[in-house]
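Below you'll find the structure, written out as structure tokens, and then a few comments.
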Amino acid sequence: MDVISALITFVIIHHIMEAQNIDKKFPKVVIIGGGFGGIEVARGLKDKEVEVLLLDRNNHHTFQPLLYQVATGTLDAPSIAFPLRKMFRRQKNFNFRMAEITEIDAANKQLQTDIGAISYDYLVIATGATTNFFGNRDIEYNSMPMKNVRDAVNIRSFLLQNIEESLLQETVEERNAYLNFVVVGGGPTGVELSGAIAEIRKLILSKDYPELKKEDMTVYLIEGQSKVLATLSPQASEKAELYLKELGVNVLLNAQVTGYDGEEITFADGHSIKTKTVLWSAGVMGQFPSGIDRGSIVRGNRVRTDEECRVIGMEDVFAIGDVAAMITEDTPRGHPGVAPVAQQQGRLLAKNIMRMLSNQPTEQFKYFDKGSMATIGRNKAVVDIGKIRFQGFFAWWVWMFVHLMSLVGFRNRIVTFINWLINYITYNAGIRLIIHKYQRPKPVEEMDEVK
């Protein structure tokens, strides 16, 4: 009887506690952005006594390091995207809403969005970065950025459209304009994108288009500094440039772009290239809703934070990842805009939020640099891990393994691996489909005239 009584008592107490938890109002943590940093904050708060609400204009997380493979047809878009709701379906304290956030009302602890006002107790800004055209409207309207899945799919369509259009031209000069592909920006994105386009030139062009030879197509990589991959080691930079040239990429260093009108890209030294395709990866800048004090915004349109990721001058508002600039003596320009920074900041912030709720001291952020890497076509990559530097075939395998394991979702890893394997064996895999014809958006002035 004693055992039965104890069991009944336990069940009653358990139901009372559950009822109390249902009625209890937990602090609300609102996260803006479902990128690398945002999902780490949400994961870190799993099973904690907080209510987590993730807001994003898209319903999926995108693995941005492989966008260039979608742009060049190696992978299909769903391979590098994962539904946010599915990612957190086992997390009971999590909710998601598709929303466009227009303003942060810090005084009232509210967000103004296109689905109504949303209140918060703690706010995490993890909105990432967008393309920086440095105020040049012509370049912004006529070139193509690559920051999301839509951009990558548009690039793929536009590349294929221009190859098709080249076959219809009557003169060599007109044809060349369609077959000159210019990538601006010699960082990892620009290097990987130009290398992938050069592989299309080398391995695919004459197979899909018998009328054309690989010599008919020209790939340019434009970099304003004296070397590509400037943030990596000198060995990696030199080797990457060598690999690009071996693939047939024309690498133009110390070249400052002054304009692009959709027909011709011009440079500060006076020379120009006639091209229908300019892919812009020369810079990024933070993106975030209004409501942040202008005094807290620093170079690159980033939000300045303290060493605990708190936005300077704002209570209970934090910023992490590409949108944040943690300015210290060791990092006078903030941390690099790479996924590991956002992930590590997200994990720490989740812990710090729980420490604040428990009145415990919080920790300051210390970035652990796991290294940098970039791939330049088949069997070629560069890797920097601490003081260890290696390039070539082994670096390429390391790059593939790291990126494969970093993808979200078992299915995505399997699909990506199979695509890579088939591509490696056949030299001719890829998704070269024009699902819809891409057209450049009209400039604001033209749209106003139409109205």
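Residues are referred to by chain and number: the chain letter is A, B, ... according to the order shown in the structure tokens, the number counts from 1 in that chain, and ligands are numbered separately from 1 in the order shown.
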
Enumerate the residues of segment 129-368 of chain A with a DSSP assignment of helix (DSSP H, G or I), computed from the backbone, and present them as a count of residues only.
94

So that I can check the secondary structure, give me every residue of segment 173-324 of chain A assigned strand (DSSP E or B) by backbone DSSP, as a ChimeraX atom specification.
/A:180-184,218-222,249-252,257-260,264-267,272-274,277-280,284-286,290,297-298,302-305,310-311,317-319,324

Write a file of the just-selected residues containing N, CA and C atoms, as a compact mmCIF listing (two decimals), in the first residue's frame.
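Wrote it out as selection_9.txt, contents follow:
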# COMPACT_ATOMS: atom_id res chain seq x y z
N ASN A 180 31.82 36.58 -72.29
CA ASN A 180 32.76 37.13 -71.31
C ASN A 180 32.06 37.16 -69.95
N PHE A 181 32.55 36.35 -69.00
CA PHE A 181 31.95 36.27 -67.67
C PHE A 181 32.91 36.90 -66.67
N VAL A 182 32.45 37.94 -66.00
CA VAL A 182 33.31 38.71 -65.09
C VAL A 182 32.83 38.55 -63.66
N VAL A 183 33.73 38.09 -62.80
CA VAL A 183 33.45 37.98 -61.36
C VAL A 183 34.28 39.05 -60.65
N VAL A 184 33.62 39.91 -59.90
CA VAL A 184 34.32 40.99 -59.19
C VAL A 184 34.41 40.63 -57.71
N THR A 218 35.44 33.38 -72.06
CA THR A 218 36.49 33.98 -71.23
C THR A 218 35.94 34.27 -69.84
N VAL A 219 36.72 33.89 -68.83
CA VAL A 219 36.33 34.12 -67.45
C VAL A 219 37.35 35.07 -66.82
N TYR A 220 36.84 36.14 -66.22
CA TYR A 220 37.69 37.13 -65.55
C TYR A 220 37.40 37.13 -64.05
N LEU A 221 38.45 37.27 -63.25
CA LEU A 221 38.30 37.53 -61.83
C LEU A 221 38.97 38.86 -61.52
N ILE A 222 38.20 39.81 -61.02
CA ILE A 222 38.70 41.17 -60.76
C ILE A 222 38.89 41.35 -59.26
N VAL A 249 41.40 31.15 -65.97
CA VAL A 249 40.80 32.39 -65.49
C VAL A 249 41.78 33.54 -65.66
N ASN A 250 41.32 34.65 -66.21
CA ASN A 250 42.12 35.86 -66.31
C ASN A 250 42.01 36.62 -65.00
N VAL A 251 43.04 36.57 -64.19
CA VAL A 251 43.04 37.22 -62.87
C VAL A 251 43.61 38.63 -63.02
N LEU A 252 42.78 39.64 -62.75
CA LEU A 252 43.20 41.04 -62.84
C LEU A 252 43.29 41.61 -61.44
N VAL A 257 37.04 48.79 -60.13
CA VAL A 257 35.87 48.93 -61.00
C VAL A 257 35.22 50.28 -60.75
N THR A 258 34.93 51.01 -61.82
CA THR A 258 34.28 52.32 -61.69
C THR A 258 32.83 52.31 -62.15
N GLY A 259 32.46 51.36 -62.99
CA GLY A 259 31.08 51.34 -63.44
C GLY A 259 30.76 50.13 -64.29
N TYR A 260 29.44 49.86 -64.41
CA TYR A 260 28.97 48.80 -65.30
C TYR A 260 27.55 49.14 -65.72
N GLU A 264 29.13 47.09 -70.64
CA GLU A 264 30.58 47.26 -70.55
C GLU A 264 30.96 47.60 -69.10
N ILE A 265 31.96 46.90 -68.59
CA ILE A 265 32.49 47.19 -67.26
C ILE A 265 33.75 48.02 -67.42
N THR A 266 33.85 49.10 -66.64
CA THR A 266 34.97 50.03 -66.80
C THR A 266 35.82 50.05 -65.53
N PHE A 267 37.10 50.41 -65.71
CA PHE A 267 38.06 50.40 -64.60
C PHE A 267 38.72 51.77 -64.48
N SER A 272 38.42 48.73 -70.35
CA SER A 272 37.07 48.21 -70.13
C SER A 272 36.95 46.82 -70.77
N ILE A 273 35.89 46.11 -70.40
CA ILE A 273 35.59 44.79 -70.96
C ILE A 273 34.11 44.79 -71.36
N LYS A 274 33.83 44.42 -72.59
CA LYS A 274 32.44 44.29 -73.02
C LYS A 274 31.91 42.95 -72.51
N THR A 277 27.59 39.88 -68.49
CA THR A 277 27.49 39.21 -67.19
C THR A 277 28.57 39.69 -66.24
N VAL A 278 28.16 40.39 -65.19
CA VAL A 278 29.07 40.75 -64.11
C VAL A 278 28.48 40.21 -62.80
N LEU A 279 29.22 39.37 -62.13
CA LEU A 279 28.80 38.78 -60.86
C LEU A 279 29.58 39.48 -59.75
N TRP A 280 28.84 40.08 -58.81
CA TRP A 280 29.47 40.97 -57.83
C TRP A 280 29.62 40.29 -56.47
N VAL A 284 30.48 43.20 -48.63
CA VAL A 284 29.22 42.98 -47.93
C VAL A 284 29.03 44.08 -46.89
N MET A 285 27.81 44.24 -46.46
CA MET A 285 27.51 45.17 -45.38
C MET A 285 26.36 44.61 -44.56
N GLY A 286 26.34 44.97 -43.29
CA GLY A 286 25.30 44.47 -42.41
C GLY A 286 23.92 44.94 -42.83
N SER A 290 15.37 49.19 -38.82
CA SER A 290 15.60 50.49 -38.22
C SER A 290 15.33 50.41 -36.71
N ILE A 297 26.37 52.21 -35.04
CA ILE A 297 26.62 51.61 -36.35
C ILE A 297 28.00 52.03 -36.84
N VAL A 298 28.82 51.04 -37.17
CA VAL A 298 30.21 51.31 -37.55
C VAL A 298 30.44 50.89 -39.00
N ARG A 302 27.70 47.77 -39.78
CA ARG A 302 27.57 46.74 -38.76
C ARG A 302 27.22 47.38 -37.42
N VAL A 303 26.56 46.60 -36.58
CA VAL A 303 26.12 47.07 -35.28
C VAL A 303 27.19 46.76 -34.24
N ARG A 304 27.64 47.80 -33.55
CA ARG A 304 28.71 47.58 -32.58
C ARG A 304 28.16 46.94 -31.30
N THR A 305 28.88 45.95 -30.79
CA THR A 305 28.47 45.26 -29.58
C THR A 305 29.61 45.25 -28.56
N ARG A 310 26.17 42.24 -26.62
CA ARG A 310 25.10 43.20 -26.38
C ARG A 310 25.32 44.45 -27.22
N VAL A 311 24.27 44.93 -27.88
CA VAL A 311 24.36 46.13 -28.70
C VAL A 311 24.67 47.32 -27.78
N VAL A 317 19.22 43.71 -25.87
CA VAL A 317 19.27 43.57 -27.33
C VAL A 317 20.69 43.16 -27.70
N PHE A 318 20.81 42.08 -28.48
CA PHE A 318 22.11 41.51 -28.82
C PHE A 318 22.23 41.37 -30.34
N ALA A 319 23.45 41.38 -30.81
CA ALA A 319 23.71 41.18 -32.25
C ALA A 319 24.87 40.21 -32.40
N ALA A 324 27.20 42.00 -36.74
CA ALA A 324 27.77 42.54 -35.51
C ALA A 324 29.24 42.90 -35.68

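Take the candidates A:Val408, A:Leu253, A:Val29, A:Leu244 and check each one against His60 of chain A using only C-alpha atoms; the shortest distance goes to A:Val408.
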
So that each row is one residue of segment 37-111 of chain A with an atom at most 10 Å from segment 188-201 of chain A, can you give its shortest atom pair and the distance in Å to one decimal, using only C-alpha atoms, rows by chain and rising number, as a Markdown table?
| residue | atom | partner | partner_atom | distance |
| --- | --- | --- | --- | --- |
| A:Gln64 | CA | A:Thr189 | CA | 9.7 |
| A:Pro65 | CA | A:Thr189 | CA | 7.7 |
| A:Leu66 | CA | A:Thr189 | CA | 9.2 |
| A:Leu67 | CA | A:Thr189 | CA | 8.9 |
| A:Tyr68 | CA | A:Leu193 | CA | 5.5 |
| A:Gln69 | CA | A:Ala196 | CA | 7.5 |
| A:Ala71 | CA | A:Leu193 | CA | 8.1 |
| A:Thr72 | CA | A:Ile197 | CA | 6.5 |
| A:Gly73 | CA | A:Ile200 | CA | 9.4 |
| A:Thr74 | CA | A:Ala196 | CA | 8.9 |

Grab the residues selected above and save them as an mmCIF file, in the first residue's frame with C-alpha atoms.
data_model
loop_
_atom_site.group_PDB
_atom_site.id
_atom_site.type_symbol
_atom_site.label_atom_id
_atom_site.label_comp_id
_atom_site.auth_asym_id
_atom_site.auth_seq_id
_atom_site.Cartn_x
_atom_site.Cartn_y
_atom_site.Cartn_z
ATOM 1 C CA GLN A 64 25.698 29.911 -48.019
ATOM 2 C CA PRO A 65 29.219 28.473 -48.594
ATOM 3 C CA LEU A 66 27.775 26.247 -51.348
ATOM 4 C CA LEU A 67 25.620 28.862 -53.080
ATOM 5 C CA TYR A 68 28.178 29.104 -55.865
ATOM 6 C CA GLN A 69 27.563 25.424 -56.703
ATOM 7 C CA ALA A 71 24.794 29.153 -59.314
ATOM 8 C CA THR A 72 26.932 26.972 -61.577
ATOM 9 C CA GLY A 73 24.576 23.976 -61.712
ATOM 10 C CA THR A 74 26.548 21.465 -59.634
#

What's the separation between atom CA of Ile327 of chain A and atom CA of Gly295 of chain A, in Å to one decimal place?
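Separating atom CA of Ile327 of chain A from atom CA of Gly295 of chain A is a distance of 13.6 Å.
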
Just want the 9 Å neighbourhood of Glu307 of chain A, counted on only C-alpha atoms, with same-chain residues fewer than 5 positions away dropped. Output as a list in words.
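My reading of the contact set: Met326, Ile327, Thr328, Glu363, Gln364, Phe365 and Lys366 of chain A.
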
Given the selection you just returned, output its residues as a file containing N, CA and C atoms, formatted as a compact mmCIF listing (two decimals), in the first residue's frame.
# COMPACT_ATOMS: atom_id res chain seq x y z
N MET A 326 32.21 43.45 -32.99
CA MET A 326 32.72 43.45 -31.61
C MET A 326 34.11 44.09 -31.65
N ILE A 327 34.17 45.39 -31.38
CA ILE A 327 35.42 46.14 -31.50
C ILE A 327 36.20 46.05 -30.18
N THR A 328 37.40 45.46 -30.25
CA THR A 328 38.29 45.37 -29.09
C THR A 328 39.71 45.69 -29.54
N GLU A 363 29.68 35.38 -19.54
CA GLU A 363 31.03 35.21 -20.09
C GLU A 363 31.22 36.12 -21.30
N GLN A 364 32.46 36.51 -21.53
CA GLN A 364 32.80 37.29 -22.71
C GLN A 364 33.16 36.36 -23.86
N PHE A 365 32.94 36.85 -25.07
CA PHE A 365 33.18 36.02 -26.25
C PHE A 365 34.66 35.99 -26.62
N LYS A 366 35.16 34.80 -26.84
CA LYS A 366 36.51 34.59 -27.35
C LYS A 366 36.42 33.68 -28.57

Shell around Tyr438 of chain A at 7 Å using only C-alpha atoms, local window under 2 positions removed, as a ChimeraX atom specification:
/A:154,157-158,436,440
